[in-house]
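Novice: My structure is stored as coords.txt, with compact mmCIF, C-alpha atoms.
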# COMPACT_ATOMS: atom_id res chain seq x y z
CA MET A 1 186.15 193.03 72.34
CA SER A 2 187.03 191.96 68.78
CA ARG A 3 190.47 190.57 68.03
CA PRO A 4 193.11 192.36 65.92
CA ALA A 5 193.59 191.42 62.29
CA ALA A 6 197.06 191.05 60.77
CA THR A 7 197.98 190.57 57.13
CA SER A 8 200.60 188.26 55.68
CA SER A 9 202.89 191.23 55.06
CA GLY A 10 203.02 192.08 58.77
CA THR A 11 200.77 195.11 58.47
CA LEU A 12 197.61 195.51 60.52
CA ARG A 13 194.26 196.04 58.83
CA PHE A 14 192.54 199.19 59.99
CA ALA A 15 189.41 200.88 58.60
CA ASP A 16 190.07 201.81 54.95
CA GLY A 17 193.66 200.56 54.77
CA ALA A 18 196.51 199.07 56.76
CA LEU A 19 199.08 200.19 59.31
CA ASP A 20 202.78 199.36 59.23
CA PRO A 21 203.91 198.82 62.85
CA GLY A 22 207.41 198.08 61.58
CA ARG A 23 207.94 201.84 61.38
CA TRP A 24 207.54 202.23 65.15
CA ALA A 25 210.38 201.75 67.62
CA GLU A 26 208.61 202.78 70.84
CA PHE A 27 205.43 200.70 70.66
CA GLU A 28 206.20 197.04 71.35
CA ASN A 29 202.56 195.87 71.48
CA VAL A 30 200.01 197.04 68.89
CA ALA A 31 196.40 195.88 68.62
CA CYS A 32 193.83 197.05 66.04
CA LEU A 33 190.37 196.15 67.29
CA ALA A 34 187.08 196.29 65.42
CA SER A 35 185.35 197.41 68.61
CA THR A 36 185.94 197.86 72.32
CA PRO A 37 183.74 199.75 74.81
CA SER A 38 186.55 202.11 75.80
CA SER A 39 190.26 201.84 74.99
CA ASN A 40 191.11 203.78 78.16
CA ASP A 41 189.14 201.26 80.24
CA LEU A 42 190.96 198.43 78.45
CA ALA A 43 194.28 200.15 79.15
CA ARG A 44 193.42 200.37 82.84
CA GLU A 45 192.63 196.65 82.92
CA LEU A 46 195.97 195.84 81.27
CA ILE A 47 197.94 198.00 83.69
CA ASP A 48 196.19 196.46 86.69
CA TYR A 49 196.83 192.96 85.35
CA TYR A 50 200.56 193.65 85.01
CA PHE A 51 200.59 195.19 88.49
CA ARG A 52 199.02 192.02 89.93
CA GLU A 53 201.53 189.84 88.07
CA GLU A 54 204.40 192.16 89.11
CA GLN A 55 205.55 192.38 85.52
CA ILE A 56 206.63 195.33 83.34
CA LEU A 57 204.07 196.28 80.69
CA PRO A 58 205.80 197.25 77.42
CA ALA A 59 204.64 200.38 75.59
CA THR A 60 201.31 199.38 74.06
CA LEU A 61 199.00 200.91 71.46
CA LEU A 62 195.30 200.01 71.48
CA VAL A 63 193.31 201.16 68.43
CA ALA A 64 189.58 200.54 67.93
CA GLU A 65 187.39 201.36 64.93
CA GLU A 66 184.55 202.18 67.32
CA GLN A 67 184.19 202.72 71.06
CA PRO A 68 180.55 202.71 72.22
CA GLN A 69 181.44 203.81 75.75
CA ALA A 70 184.19 206.32 74.96
CA ARG A 71 184.45 209.28 77.30
CA GLY A 72 186.19 212.60 77.63
CA ARG A 73 187.29 214.57 80.67
CA SER A 74 185.05 214.50 83.74
CA GLY A 75 183.39 211.36 82.38
CA ARG A 76 181.61 213.18 79.56
CA GLU A 77 180.53 211.13 76.55
CA TRP A 78 182.76 211.21 73.47
CA LYS A 79 181.05 209.98 70.32
CA ALA A 80 183.24 207.34 68.66
CA PRO A 81 181.15 205.69 65.91
CA LYS A 82 182.56 203.17 63.45
CA GLY A 83 184.09 204.59 60.28
CA ARG A 84 183.95 208.21 61.41
CA GLY A 85 187.07 208.84 63.43
CA ILE A 86 190.32 207.71 64.98
CA TYR A 87 190.18 206.41 68.55
CA PHE A 88 193.10 204.92 70.45
CA THR A 89 194.95 204.73 73.74
CA PHE A 90 198.63 204.16 74.31
CA ILE A 91 200.19 202.98 77.53
CA ARG A 92 203.67 204.00 78.58
CA ARG A 93 205.67 203.39 81.73
CA VAL A 94 206.93 206.69 83.11
CA ALA A 95 210.69 206.83 83.60
CA GLY A 96 212.06 208.63 86.62
CA HIS A 97 213.19 211.68 84.64
CA GLU A 98 209.99 212.08 82.61
CA PRO A 99 207.37 214.67 83.66
CA ALA A 100 204.10 212.74 83.32
CA SER A 101 202.09 215.97 83.17
CA VAL A 102 203.94 217.13 80.03
CA LEU A 103 203.28 213.93 78.06
CA PRO A 104 199.64 214.72 77.12
CA ILE A 105 200.67 218.28 76.25
CA ALA A 106 203.25 216.87 73.84
CA VAL A 107 200.84 214.28 72.43
CA ALA A 108 198.30 216.98 71.58
CA ARG A 109 200.95 218.88 69.64
CA TRP A 110 202.18 215.80 67.82
CA ILE A 111 198.60 215.00 66.78
CA ARG A 112 198.11 218.58 65.65
CA ASP A 113 201.29 218.43 63.55
CA ALA A 114 200.28 215.13 61.90
CA ILE A 115 196.79 216.41 61.05
CA GLU A 116 198.29 219.49 59.43
CA GLU A 117 200.80 217.33 57.51
CA VAL A 118 198.11 215.04 56.08
CA SER A 119 195.22 217.47 55.60
CA GLY A 120 196.75 220.94 55.48
CA ILE A 121 194.48 222.16 58.29
CA ALA A 122 196.01 224.84 60.51
CA CYS A 123 194.96 223.64 63.98
CA ARG A 124 195.53 225.27 67.34
CA LEU A 125 195.78 223.81 70.85
CA LYS A 126 193.40 224.68 73.68
CA TRP A 127 194.63 224.03 77.20
CA PRO A 128 195.13 221.46 78.47
CA ASN A 129 195.28 219.24 75.37
CA ASP A 130 192.43 219.73 72.88
CA VAL A 131 192.91 220.34 69.15
CA TYR A 132 190.76 223.12 67.69
CA VAL A 133 190.13 224.86 64.38
CA ASP A 134 189.11 228.36 65.40
CA ARG A 135 186.41 227.66 68.03
CA ARG A 136 185.52 224.19 66.75
CA LYS A 137 186.86 221.08 68.48
CA LEU A 138 188.57 218.56 66.24
CA ALA A 139 190.27 216.20 68.70
CA GLY A 140 190.72 215.56 72.39
CA VAL A 141 193.33 213.89 74.59
CA LEU A 142 192.57 212.24 77.93
CA SER A 143 195.47 211.16 80.15
CA GLU A 144 195.15 208.90 83.19
CA ALA A 145 197.97 207.72 85.46
CA ARG A 146 198.12 204.63 87.64
CA THR A 147 200.83 203.96 90.25
CA GLN A 148 201.85 200.95 92.29
CA GLY A 149 204.97 201.14 94.39
CA ASP A 150 207.71 202.74 92.30
CA ASP A 151 205.96 202.08 88.97
CA THR A 152 203.74 204.63 87.24
CA TYR A 153 202.01 204.12 83.90
CA VAL A 154 200.25 206.74 81.85
CA ALA A 155 197.36 205.80 79.56
CA VAL A 156 196.79 208.52 76.96
CA GLY A 157 193.49 208.28 75.10
CA VAL A 158 192.89 210.13 71.83
CA GLY A 159 189.71 210.79 69.87
CA ILE A 160 189.71 212.57 66.49
CA ASN A 161 186.67 213.49 64.40
CA VAL A 162 187.68 212.65 60.84
CA ARG A 163 184.86 211.80 58.44
CA GLY A 164 181.58 213.49 57.63
CA THR A 165 180.39 216.97 58.50
CA ALA A 166 180.08 218.91 61.72
CA SER A 167 176.27 218.81 61.50
CA GLU A 168 176.37 215.00 61.37
CA LEU A 169 178.27 214.89 64.67
CA ARG A 170 175.37 216.52 66.50
CA VAL A 171 177.85 217.90 69.02
CA PRO A 172 177.94 221.67 69.66
CA HIS A 173 181.10 223.48 68.57
CA ALA A 174 182.71 220.39 67.01
CA THR A 175 184.10 219.80 63.53
CA THR A 176 185.79 217.10 61.44
CA VAL A 177 189.03 216.82 59.50
CA GLU A 178 187.11 216.30 56.24
CA GLU A 179 184.89 219.34 56.78
CA GLU A 180 187.86 221.60 57.45
CA ALA A 181 190.01 220.12 54.66
CA GLY A 182 187.17 220.10 52.13
CA ARG A 183 188.10 216.65 50.85
CA PRO A 184 188.06 212.97 51.86
CA VAL A 185 190.77 211.82 54.26
CA SER A 186 191.90 208.22 54.74
CA LEU A 187 191.56 207.02 58.33
CA ALA A 188 194.45 204.57 57.95
CA ARG A 189 196.78 207.14 56.39
CA LEU A 190 196.02 209.72 59.06
CA LEU A 191 196.45 207.22 61.90
CA GLN A 192 199.78 206.05 60.45
CA ALA A 193 201.01 209.65 60.31
CA ILE A 194 199.87 210.33 63.88
CA VAL A 195 201.52 207.25 65.39
CA ASP A 196 204.66 207.85 63.31
CA ARG A 197 204.83 211.35 64.78
CA MET A 198 204.19 210.13 68.34
CA ASP A 199 206.77 207.38 68.00
CA ARG A 200 209.38 209.86 66.83
CA GLY A 201 208.49 212.30 69.59
CA LEU A 202 208.77 209.66 72.30
CA ALA A 203 212.08 208.39 70.94
CA GLU A 204 213.58 211.88 70.69
CA SER A 205 211.88 213.45 73.70
CA ASP A 206 212.95 216.93 74.77
CA TRP A 207 210.39 217.69 77.46
CA PRO A 208 211.40 221.30 78.30
CA ARG A 209 211.21 222.17 74.59
CA GLU A 210 207.73 220.62 74.35
CA ILE A 211 206.33 223.44 76.48
CA GLU A 212 207.75 226.03 74.08
CA GLU A 213 206.45 224.16 71.05
CA TRP A 214 202.97 223.82 72.58
CA GLU A 215 202.84 227.56 73.27
CA ARG A 216 203.90 228.27 69.68
CA VAL A 217 200.76 226.62 68.28
CA SER A 218 198.44 227.46 71.17
CA ALA A 219 195.05 229.10 70.66
CA HIS A 220 195.89 231.32 73.65
CA ARG A 221 198.00 234.47 73.58
CA PRO A 222 199.48 236.47 76.47
CA GLY A 223 196.83 238.76 77.89
CA ASP A 224 193.85 236.64 76.82
CA ARG A 225 191.15 236.52 79.48
CA ILE A 226 190.63 232.96 80.71
CA ARG A 227 188.19 231.53 83.22
CA VAL A 228 188.83 228.04 84.57
CA ARG A 229 186.43 225.92 86.59
CA VAL A 230 187.72 223.27 88.98
CA ASN A 231 184.71 221.53 90.51
CA ALA A 232 182.75 224.39 92.12
CA THR A 233 185.65 226.87 92.08
CA GLN A 234 186.34 229.39 89.32
CA THR A 235 189.60 231.20 88.62
CA THR A 236 189.79 234.13 86.19
CA GLY A 237 192.91 235.84 84.92
CA GLU A 238 195.12 236.72 81.98
CA TYR A 239 196.98 233.98 80.16
CA ARG A 240 200.71 233.91 80.88
CA GLY A 241 201.69 230.63 79.22
CA LEU A 242 202.53 227.29 80.78
CA ASP A 243 204.90 226.42 83.59
CA PRO A 244 207.56 223.68 83.17
CA SER A 245 205.02 221.01 84.17
CA GLY A 246 202.52 222.07 81.50
CA PHE A 247 200.23 223.76 84.02
CA LEU A 248 198.36 226.96 83.20
CA ARG A 249 199.76 230.26 84.45
CA LEU A 250 197.20 233.02 85.04
CA ALA A 251 197.77 236.59 86.20
CA THR A 252 194.91 237.28 88.63
CA SER A 253 194.04 240.26 90.82
CA SER A 254 195.91 238.60 93.71
CA GLY A 255 199.01 237.67 91.69
CA GLU A 256 200.06 234.80 89.45
CA THR A 257 198.19 231.53 89.93
CA VAL A 258 199.15 228.12 88.55
CA VAL A 259 196.18 225.95 87.57
CA THR A 260 196.98 222.24 87.43
CA THR A 261 193.65 220.98 86.10
CA GLY A 262 190.22 222.27 85.13
CA GLU A 263 187.80 223.17 82.34
CA LEU A 264 188.12 226.42 80.40
CA GLU A 265 184.75 228.19 80.55
CA GLU A 266 186.02 231.36 78.88
CA TRP A 267 189.01 231.72 76.55
Hey, can you dump this file as structure tokens for me?

Specialist:
Amino acid sequence: MSRPAATSSGTLRFADGALDPGRWAEFENVACLASTPSSNDLARELIDYYFREEQILPATLLVAEEQPQARGRSGREWKAPKGRGIYFTFIRRVAGHEPASVLPIAVARWIRDAIEEVSGIACRLKWPNDVYVDRRKLAGVLSEARTQGDDTYVAVGVGINVRGTASELRVPHATTVEEEAGRPVSLARLLQAIVDRMDRGLAESDWPREIEEWERVSAHRPGDRIRVRVNATQTTGEYRGLDPSGFLRLATSSGETVVTTGELEEW
């Protein structure tokens, strides 16, 4: 793992520019790394270390210019090559009143809003927390929780395809910010906008409203046919929105079903 680089002005060098952590109130620890195998794995190691030491881990942001062993849901590979995207994980201790399952839902929307602000791209959200342009995936969010005693931490990993073309990704049904915007996009500027938006959202959290806001920019509409796979089980029904925990509500032949996790095979 390479060490972070700071400048004399207090900014952090990142990719094609610099980040100003002085604009963030929620993130007490920030590290910009040239490379780490997986920022989610590093986050897990940090959480476990603080558990062993019986200390409180402050809100921490781990950014890496490349992640050779990055992964998505169900352990699938996520390509995170140097100079092509934005890859980070943030760690946050869950307060007693905070619904941990809503946090990644909110993060996906905040990322979507920041991408639109910087690039003008009209993105939509695919349940549970992917960012899409039409049927092309632009970004993904992976949330993992760890608990010891009364303490729970959530590590939220984010991967965004920014530079180059969809064909260069060599990933089916994927796209990039630059391809959709039709112009170059600065990695540093986009990351600054994303973390600014997350920091503001965490500081001014209104978790019940986050469900409504997610549904407003969702790729799904009431009545859409959706098929979800959970391991070897499939559930098919009509989309009915999200419940207060951010779980998927489906109207099936046997009544309404709430799906807590799974992969959308049809939507």

Novice: Could you state the separation of CA of Cys32 in chain A and CA of Asp16 in chain A in Å, given to one decimal place?

Specialist: 12.6 Å

Novice: May I ask for the distance between CA of Val162 in chain A and CA of Ile91 in chain A, given in Å to one decimal place?

Specialist: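 Between these atoms lies a distance of 23.0 Å.
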
Novice: For each of A:Ile86, A:Leu103, A:Ala25, A:Val63, take the minimum atom-to-atom distance to Asp206 in chain A, counting all atoms listed in the file, then give the residue where this is smallest.

Specialist: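 Looking at the shortest contact to Asp206 in chain A, the residue is A:Leu103.
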
Novice: Env of Arg135 in chain A: 10 Å cut, atoms = all atoms listed in the file, seq-sep filter 6 positions within chain, self excluded. Answer as an NGL selection string.

Specialist: :A and (124 or 126 or 173-175 or 219 or 267)

Novice: Can you write just those residues out, C-alpha atoms, as a PDB file, keeping the file's coordinate frame?

Specialist:
ATOM      1  CA  ARG A 124     195.530 225.270  67.340  1.00  0.00           C
ATOM      2  CA  LYS A 126     193.400 224.680  73.680  1.00  0.00           C
ATOM      3  CA  HIS A 173     181.100 223.480  68.570  1.00  0.00           C
ATOM      4  CA  ALA A 174     182.710 220.390  67.010  1.00  0.00           C
ATOM      5  CA  THR A 175     184.100 219.800  63.530  1.00  0.00           C
ATOM      6  CA  ALA A 219     195.050 229.100  70.660  1.00  0.00           C
ATOM      7  CA  TRP A 267     189.010 231.720  76.550  1.00  0.00           C
TER       8      TRP A 267
END

Novice: Which of these residues is nearest to Arg163 in chain A, using all atoms listed in the file: A:Ala122, A:Val185, A:Leu142, A:Ile115?

Specialist: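 Using all atoms listed in the file, the shortest distance to Arg163 in chain A belongs to A:Val185.
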
Novice: Please list as a ChimeraX atom specification every residue within 7 Å of range 227-233 of chain A, counting only C-alpha atoms and excluding residues in the same chain fewer than 3 positions away.

Specialist: /A:236-237,261-267

Novice: Could you tell me which of A:Glu179, A:Glu65, A:Asp20, A:Glu26 comes closest to Gly159 in chain A if we count all atoms listed in the file?

Specialist: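 Looking at the shortest contact to Gly159 in chain A, the residue is A:Glu65.
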
Novice: Name the residues within 8 Å of (202.8, 196.8, 80.5), counting all atoms listed in the file in the file's coordinates, and put them as a ChimeraX atom specification.

Specialist: /A:46-47,50,55-60,91-93

Novice: Give me, as a ChimeraX atom specification, all polymer residues having an atom no more than 9 Å from Pro208 in chain A, counting only C-alpha atoms and skipping those fewer than 2 positions away in the same chain.

Specialist: /A:102,206,210-212,244-245

Novice: Could you tell me how far CA of Ser39 in chain A lies from CA of Val141 in chain A, in Å and to one decimal?

Specialist: 12.4 Å

Novice: Kindly extract all protein, DNA and RNA residues lying within 12 Å of the coordinates (188.0, 209.6, 51.7) given in the file, considering all atoms listed in the file, and supply them as a PDB file with C-alpha atoms, keeping the file's coordinate frame.

Specialist:
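Result written to selection-v5.pdb:
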ATOM      1  CA  ALA A  15     189.410 200.880  58.600  1.00  0.00           C
ATOM      2  CA  ASP A  16     190.070 201.810  54.950  1.00  0.00           C
ATOM      3  CA  GLY A  17     193.660 200.560  54.770  1.00  0.00           C
ATOM      4  CA  GLY A  83     184.090 204.590  60.280  1.00  0.00           C
ATOM      5  CA  ARG A  84     183.950 208.210  61.410  1.00  0.00           C
ATOM      6  CA  GLY A  85     187.070 208.840  63.430  1.00  0.00           C
ATOM      7  CA  SER A 119     195.220 217.470  55.600  1.00  0.00           C
ATOM      8  CA  VAL A 162     187.680 212.650  60.840  1.00  0.00           C
ATOM      9  CA  ARG A 163     184.860 211.800  58.440  1.00  0.00           C
ATOM     10  CA  GLY A 164     181.580 213.490  57.630  1.00  0.00           C
ATOM     11  CA  VAL A 177     189.030 216.820  59.500  1.00  0.00           C
ATOM     12  CA  GLU A 178     187.110 216.300  56.240  1.00  0.00           C
ATOM     13  CA  GLU A 179     184.890 219.340  56.780  1.00  0.00           C
ATOM     14  CA  ALA A 181     190.010 220.120  54.660  1.00  0.00           C
ATOM     15  CA  GLY A 182     187.170 220.100  52.130  1.00  0.00           C
ATOM     16  CA  ARG A 183     188.100 216.650  50.850  1.00  0.00           C
ATOM     17  CA  PRO A 184     188.060 212.970  51.860  1.00  0.00           C
ATOM     18  CA  VAL A 185     190.770 211.820  54.260  1.00  0.00           C
ATOM     19  CA  SER A 186     191.900 208.220  54.740  1.00  0.00           C
ATOM     20  CA  LEU A 187     191.560 207.020  58.330  1.00  0.00           C
ATOM     21  CA  ALA A 188     194.450 204.570  57.950  1.00  0.00           C
ATOM     22  CA  ARG A 189     196.780 207.140  56.390  1.00  0.00           C
ATOM     23  CA  LEU A 190     196.020 209.720  59.060  1.00  0.00           C
TER      24      LEU A 190
END

Novice: Between A:Glu53, A:Asp196, A:Glu144, A:Glu213, which is the closest to Asn40 in chain A once you count only C-alpha atoms?

Specialist: A:Glu144

Novice: Compile the contact shell of Thr36 in chain A as a list of chain:residue names: residues with an atom at most 12 Å away, counting all atoms listed in the file, same-chain residues fewer than 4 positions apart removed.

Specialist: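 Once the adjacent positions are removed, what remains is A:Met1, A:Ser2, A:Arg3, A:Pro4, A:Ala31, A:Cys32, A:Asn40, A:Asp41, A:Leu42, A:Ala43, A:Leu62, A:Val63, A:Ala64, A:Glu65, A:Glu66, A:Gln67, A:Pro68, A:Gln69, A:Ala70, A:Ala80, A:Pro81, A:Lys82, A:Tyr87, A:Phe88, A:Thr89.
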
Novice: Grab the residues selected above and save them as a compact mmCIF listing (two decimals), in the coordinates of the input with C-alpha atoms.

Specialist:
# COMPACT_ATOMS: atom_id res chain seq x y z
CA MET A 1 186.15 193.03 72.34
CA SER A 2 187.03 191.96 68.78
CA ARG A 3 190.47 190.57 68.03
CA PRO A 4 193.11 192.36 65.92
CA ALA A 31 196.40 195.88 68.62
CA CYS A 32 193.83 197.05 66.04
CA ASN A 40 191.11 203.78 78.16
CA ASP A 41 189.14 201.26 80.24
CA LEU A 42 190.96 198.43 78.45
CA ALA A 43 194.28 200.15 79.15
CA LEU A 62 195.30 200.01 71.48
CA VAL A 63 193.31 201.16 68.43
CA ALA A 64 189.58 200.54 67.93
CA GLU A 65 187.39 201.36 64.93
CA GLU A 66 184.55 202.18 67.32
CA GLN A 67 184.19 202.72 71.06
CA PRO A 68 180.55 202.71 72.22
CA GLN A 69 181.44 203.81 75.75
CA ALA A 70 184.19 206.32 74.96
CA ALA A 80 183.24 207.34 68.66
CA PRO A 81 181.15 205.69 65.91
CA LYS A 82 182.56 203.17 63.45
CA TYR A 87 190.18 206.41 68.55
CA PHE A 88 193.10 204.92 70.45
CA THR A 89 194.95 204.73 73.74

Novice: Which of these residues is nearest to Asp199 in chain A, using only C-alpha atoms: A:Phe247, A:Tyr132, A:Phe27, A:Tyr153?

Specialist: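 When distances to Asp199 in chain A are compared using only C-alpha atoms, the smallest one comes from A:Phe27.
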
Novice: With a distance cut-off of 12 Å and only C-alpha atoms, select the neighbouring residues of Arg197 in chain A, excluding the residue or stretch itself and same-chain residues fewer than 6 positions from it, and output the selection as a PyMOL selection string.

Specialist: chain A and resi 23-26+106-118+190-191+203-205

Novice: Would you mind telling me which residue in A:Gly10, A:Pro222, A:Gly140, A:Gly241 lies nearest to Asn161 in chain A when using all atoms listed in the file?

Specialist: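 With all atoms listed in the file as the atom set, the closest residue is A:Gly140.
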
Novice: Edge lengths and centre in Å to one decimal, as AutoDock Vina command-line options, of the axis-aligned box that encloses all listed atoms of range 247-257 of chain A with 8 Å added on every side?

Specialist:
--center_x 197.1 --center_y 232.0 --center_z 88.5 --size_x 22.2 --size_y 32.5 --size_z 26.5
